[in-house]
Amino acid sequence: MALFNKALASIGIGNAKVDTKLEKARYTAGEMMRGIVEVKGGNVEQQVDSIYVSVMTTYERETDDRKVTDEAVVIKEKLNEPFTIQAGEVREFPLEMTLPHETPVTQGKTRVWVATGLDIKQAVDPSDKDYIDVQPTVIAEEVLDAVRSLGFRLREVECQHARLTRYPFVQEFEFIPVTGAYAGRLDELEVTFLEQSKDEVNVLLQVDRRARGLGGFLSEAMGTDETNVRLRIKRTELSGVRTRIDETIRRFA
């Protein structure tokens, strides 16, 4: 019977199980996540080489003129040294993991989850998946609030494939002007956080001007109606962030 149970465990039947229990489901990017990882033994004794915990998200990229969705690891950590789990045994391991400041915000199409897995040789690796809600950092929220206060409405949020960045994606916040000075002057404004830390962010603003007259239509057709501007905003400069963003947009609107 023992050999039969081992054979079943090798294909995932009667295998050990893993379940991550977080203290809460909502976090701010840069915050520490805490909880426990519970491992339950199956029908037979098994050697667990490692418990690994990853924070994952999805992003879109274009290939052969079509969009595909890929998964990306935001952070991955090994939780323990190898151990043996007995049949029916329950063991708990503390979890403490800091979300990177660049963790995508869960708005629009963006989803973020914690993936937990057991590495068990000669067996199907058990896994667990827990979705979390991620809010922007203090600096990022101030930037987004400043854009809203200038008469823009958030239309779409998504993670797009990117090169030469820390991750294979960047998260884009697409705004449209509905009131104020930029209504009728811009088609949209895209805000992308390229790098973030506790003390500062590196922001890319893409100012998309609305076509006006023949020159404007030609510019739009040629793709020259968009201007990209980078801003580095420090936590100590938040009191003036609205004015700085307004002045930057105004130069290119």
# chains A, B, ... in the order shown; residues from 1 in each chain; ligands from 1
>>> select_by_dssp(residues="region 88-144 of chain A", states="helix (DSSP H, G or I)", output="VMD selection string")
chain A and resid 138 to 144
>>> write_last_selection(atoms="C-alpha atoms", output="mmCIF file, in the first residue's frame")
data_model
loop_
_atom_site.group_PDB
_atom_site.id
_atom_site.type_symbol
_atom_site.label_atom_id
_atom_site.label_comp_id
_atom_site.auth_asym_id
_atom_site.auth_seq_id
_atom_site.Cartn_x
_atom_site.Cartn_y
_atom_site.Cartn_z
ATOM 1 C CA VAL A 138 2.164 57.916 -1.449
ATOM 2 C CA ILE A 139 4.155 59.718 -4.164
ATOM 3 C CA ALA A 140 2.402 57.931 -7.031
ATOM 4 C CA GLU A 141 -1.013 58.694 -5.544
ATOM 5 C CA GLU A 142 -0.091 62.378 -5.259
ATOM 6 C CA VAL A 143 0.921 62.417 -8.937
ATOM 7 C CA LEU A 144 -2.312 60.755 -10.024
#
>>> closest_atom_pairs(of="region 139-192 of chain A", to="region 227-251 of chain A", cutoff="9 Å", atoms="only C-alpha atoms", output="Markdown table")
| residue | atom | partner | partner_atom | distance |
| --- | --- | --- | --- | --- |
| A:Ile139 | CA | A:Arg235 | CA | 6.2 |
| A:Glu142 | CA | A:Leu238 | CA | 7.0 |
| A:Val143 | CA | A:Val241 | CA | 6.8 |
| A:Asp145 | CA | A:Arg242 | CA | 8.4 |
| A:Ala146 | CA | A:Arg242 | CA | 4.8 |
| A:Val147 | CA | A:Arg242 | CA | 7.2 |
| A:Ser149 | CA | A:Arg242 | CA | 8.0 |
| A:Leu150 | CA | A:Asp246 | CA | 7.3 |
| A:Ala181 | CA | A:Arg250 | CA | 9.0 |
| A:Tyr182 | CA | A:Arg250 | CA | 8.4 |
| A:Leu189 | CA | A:Ile249 | CA | 8.8 |
>>> write_last_selection(atoms="C-alpha atoms", output="PDB file, in the first residue's frame")
ATOM      1  CA  ILE A 139       4.155  59.718  -4.164  1.00  0.00           C
ATOM      2  CA  GLU A 142      -0.091  62.378  -5.259  1.00  0.00           C
ATOM      3  CA  VAL A 143       0.921  62.417  -8.937  1.00  0.00           C
ATOM      4  CA  ASP A 145      -4.396  63.072  -7.830  1.00  0.00           C
ATOM      5  CA  ALA A 146      -2.615  66.082  -9.332  1.00  0.00           C
ATOM      6  CA  VAL A 147      -3.502  64.921 -12.847  1.00  0.00           C
ATOM      7  CA  SER A 149      -7.278  67.887 -10.295  1.00  0.00           C
ATOM      8  CA  LEU A 150      -6.244  69.372 -13.664  1.00  0.00           C
ATOM      9  CA  ALA A 181      -7.655  74.103 -19.608  1.00  0.00           C
ATOM     10  CA  TYR A 182      -6.819  70.917 -21.511  1.00  0.00           C
ATOM     11  CA  LEU A 189      -2.347  62.054 -21.289  1.00  0.00           C
TER      12      LEU A 189
END
>>> atom_distance(atom1="CA of Thr192 (chain A)", atom2="CA of Asp130 (chain A)")
26.4 Å
>>> closest_residue(among="A:Glu190, A:Glu23, A:Asp133, A:Glu195", to="Thr106 (chain A)", atoms="only C-alpha atoms")
A:Asp133
>>> residues_around(residues="Gln47 (chain A)", least_positions_apart="5", cutoff="7 Å", atoms="only C-alpha atoms", output="ChimeraX atom specification")
/A:83-85,120
>>> write_last_selection(atoms="all heavy atoms", output="short mmCIF file (atom, residue, chain, number, x, y, z; two decimals), in the first residue's frame")
data_model
loop_
_atom_site.label_atom_id
_atom_site.label_comp_id
_atom_site.auth_asym_id
_atom_site.auth_seq_id
_atom_site.Cartn_x
_atom_site.Cartn_y
_atom_site.Cartn_z
N PHE A 83 12.92 20.05 4.16
CA PHE A 83 12.36 19.38 5.33
C PHE A 83 11.50 18.22 4.87
O PHE A 83 11.14 18.11 3.68
CB PHE A 83 11.53 20.35 6.19
CG PHE A 83 10.27 20.84 5.52
CD1 PHE A 83 9.05 20.23 5.76
CD2 PHE A 83 10.31 21.92 4.65
CE1 PHE A 83 7.89 20.68 5.16
CE2 PHE A 83 9.15 22.39 4.04
CZ PHE A 83 7.94 21.76 4.29
N THR A 84 11.16 17.36 5.82
CA THR A 84 10.29 16.21 5.53
C THR A 84 8.93 16.46 6.17
O THR A 84 8.84 16.83 7.34
CB THR A 84 10.90 14.92 6.09
OG1 THR A 84 12.17 14.69 5.46
CG2 THR A 84 9.98 13.73 5.81
N ILE A 85 7.89 16.26 5.39
CA ILE A 85 6.53 16.37 5.90
C ILE A 85 5.95 14.97 6.01
O ILE A 85 5.97 14.20 5.03
CB ILE A 85 5.65 17.29 5.00
CG1 ILE A 85 4.27 17.51 5.63
CG2 ILE A 85 5.51 16.75 3.60
CD1 ILE A 85 4.27 18.56 6.70
N ILE A 120 8.87 19.55 -4.71
CA ILE A 120 8.96 18.15 -4.26
C ILE A 120 9.47 17.31 -5.42
O ILE A 120 8.83 17.24 -6.48
CB ILE A 120 7.59 17.61 -3.79
CG1 ILE A 120 7.06 18.48 -2.64
CG2 ILE A 120 7.70 16.16 -3.37
CD1 ILE A 120 5.68 18.06 -2.16
#
>>> closest_residue(among="A:Pro94, A:Pro177, A:Gly151, A:Pro82", to="Lys21 (chain A)", atoms="only C-alpha atoms")
A:Pro94
>>> select_by_dssp(residues="region 16-214 of chain A", states="strand (DSSP E or B)", output="VMD selection string")
chain A and resid 17 to 22 26 to 28 32 to 40 46 to 48 50 to 63 66 to 78 83 to 85 90 to 98 112 to 119 127 to 135 152 to 161 169 to 177 183 186 to 196 200 to 209
>>> residues_around(residues="Glu102 (chain A)", least_positions_apart="2", cutoff="8 Å", atoms="only C-alpha atoms", output="PyMOL selection string")
chain A and resi 29-30+100+104+193+195-197
>>> residues_around(residues="region 15-20 of chain A", least_positions_apart="4", cutoff="10 Å", atoms="only C-alpha atoms", output="ChimeraX atom specification")
/A:5-11,35-48,51,53,85-95,114-118,120,123-130
>>> atom_distance(atom1="CA of Glu188 (chain A)", atom2="CA of Phe175 (chain A)")
5.6 Å
>>> closest_residue(among="A:Met97, A:Leu79, A:Phe173, A:Arg26", to="Gln206 (chain A)", atoms="only C-alpha atoms")
A:Phe173
>>> atom_distance(atom1="CA of Val134 (chain A)", atom2="CA of Val203 (chain A)")
18.9 Å
>>> residues_around(residues="Arg209 (chain A)", least_positions_apart="4", cutoff="7 Å", atoms="only C-alpha atoms", output="compact mmCIF listing (two decimals) with N, CA and C atoms, in the first residue's frame")
# COMPACT_ATOMS: atom_id res chain seq x y z
N ARG A 185 -7.97 70.47 -26.07
CA ARG A 185 -6.60 70.72 -26.53
C ARG A 185 -5.78 69.44 -26.62
N LEU A 186 -6.10 68.47 -25.76
CA LEU A 186 -5.38 67.19 -25.76
C LEU A 186 -6.35 66.05 -26.04
N ASP A 187 -5.85 65.02 -26.70
CA ASP A 187 -6.62 63.79 -26.86
C ASP A 187 -6.52 62.95 -25.60
N ASP A 225 2.39 64.08 -33.05
CA ASP A 225 1.55 64.88 -32.16
C ASP A 225 1.74 64.49 -30.69
N GLU A 226 2.64 63.55 -30.43
CA GLU A 226 2.87 63.10 -29.07
C GLU A 226 4.25 63.55 -28.59
N ALA A 253 1.12 71.32 -24.79
CA ALA A 253 -0.29 71.17 -25.18
C ALA A 253 -0.60 72.00 -26.42
>>> residues_around(residues="Val170 (chain A)", least_positions_apart="3", cutoff="7 Å", atoms="only C-alpha atoms", output="list in words")
Cys159, Gln160, His161, Ala162, Thr192 and Leu194 of chain A
>>> decode(residues="region 123-139 of chain A", atoms="C-alpha atoms", output="PDB file, in the first residue's frame")
ATOM      1  CA  ALA A 123       6.076  14.573  -7.697  1.00  0.00           C
ATOM      2  CA  VAL A 124       3.730  17.209  -9.041  1.00  0.00           C
ATOM      3  CA  ASP A 125       4.597  20.446  -7.216  1.00  0.00           C
ATOM      4  CA  PRO A 126       1.615  21.627  -5.113  1.00  0.00           C
ATOM      5  CA  SER A 127       0.698  25.302  -5.478  1.00  0.00           C
ATOM      6  CA  ASP A 128      -1.597  28.008  -4.132  1.00  0.00           C
ATOM      7  CA  LYS A 129      -2.785  31.313  -5.638  1.00  0.00           C
ATOM      8  CA  ASP A 130      -4.128  34.305  -3.682  1.00  0.00           C
ATOM      9  CA  TYR A 131      -5.153  37.574  -5.344  1.00  0.00           C
ATOM     10  CA  ILE A 132      -4.337  40.813  -3.531  1.00  0.00           C
ATOM     11  CA  ASP A 133      -5.400  44.445  -3.937  1.00  0.00           C
ATOM     12  CA  VAL A 134      -2.443  46.816  -4.391  1.00  0.00           C
ATOM     13  CA  GLN A 135      -2.716  50.578  -3.864  1.00  0.00           C
ATOM     14  CA  PRO A 136      -0.194  53.143  -5.206  1.00  0.00           C
ATOM     15  CA  THR A 137       2.644  54.546  -3.142  1.00  0.00           C
ATOM     16  CA  VAL A 138       2.164  57.916  -1.449  1.00  0.00           C
ATOM     17  CA  ILE A 139       4.155  59.718  -4.164  1.00  0.00           C
TER      18      ILE A 139
END
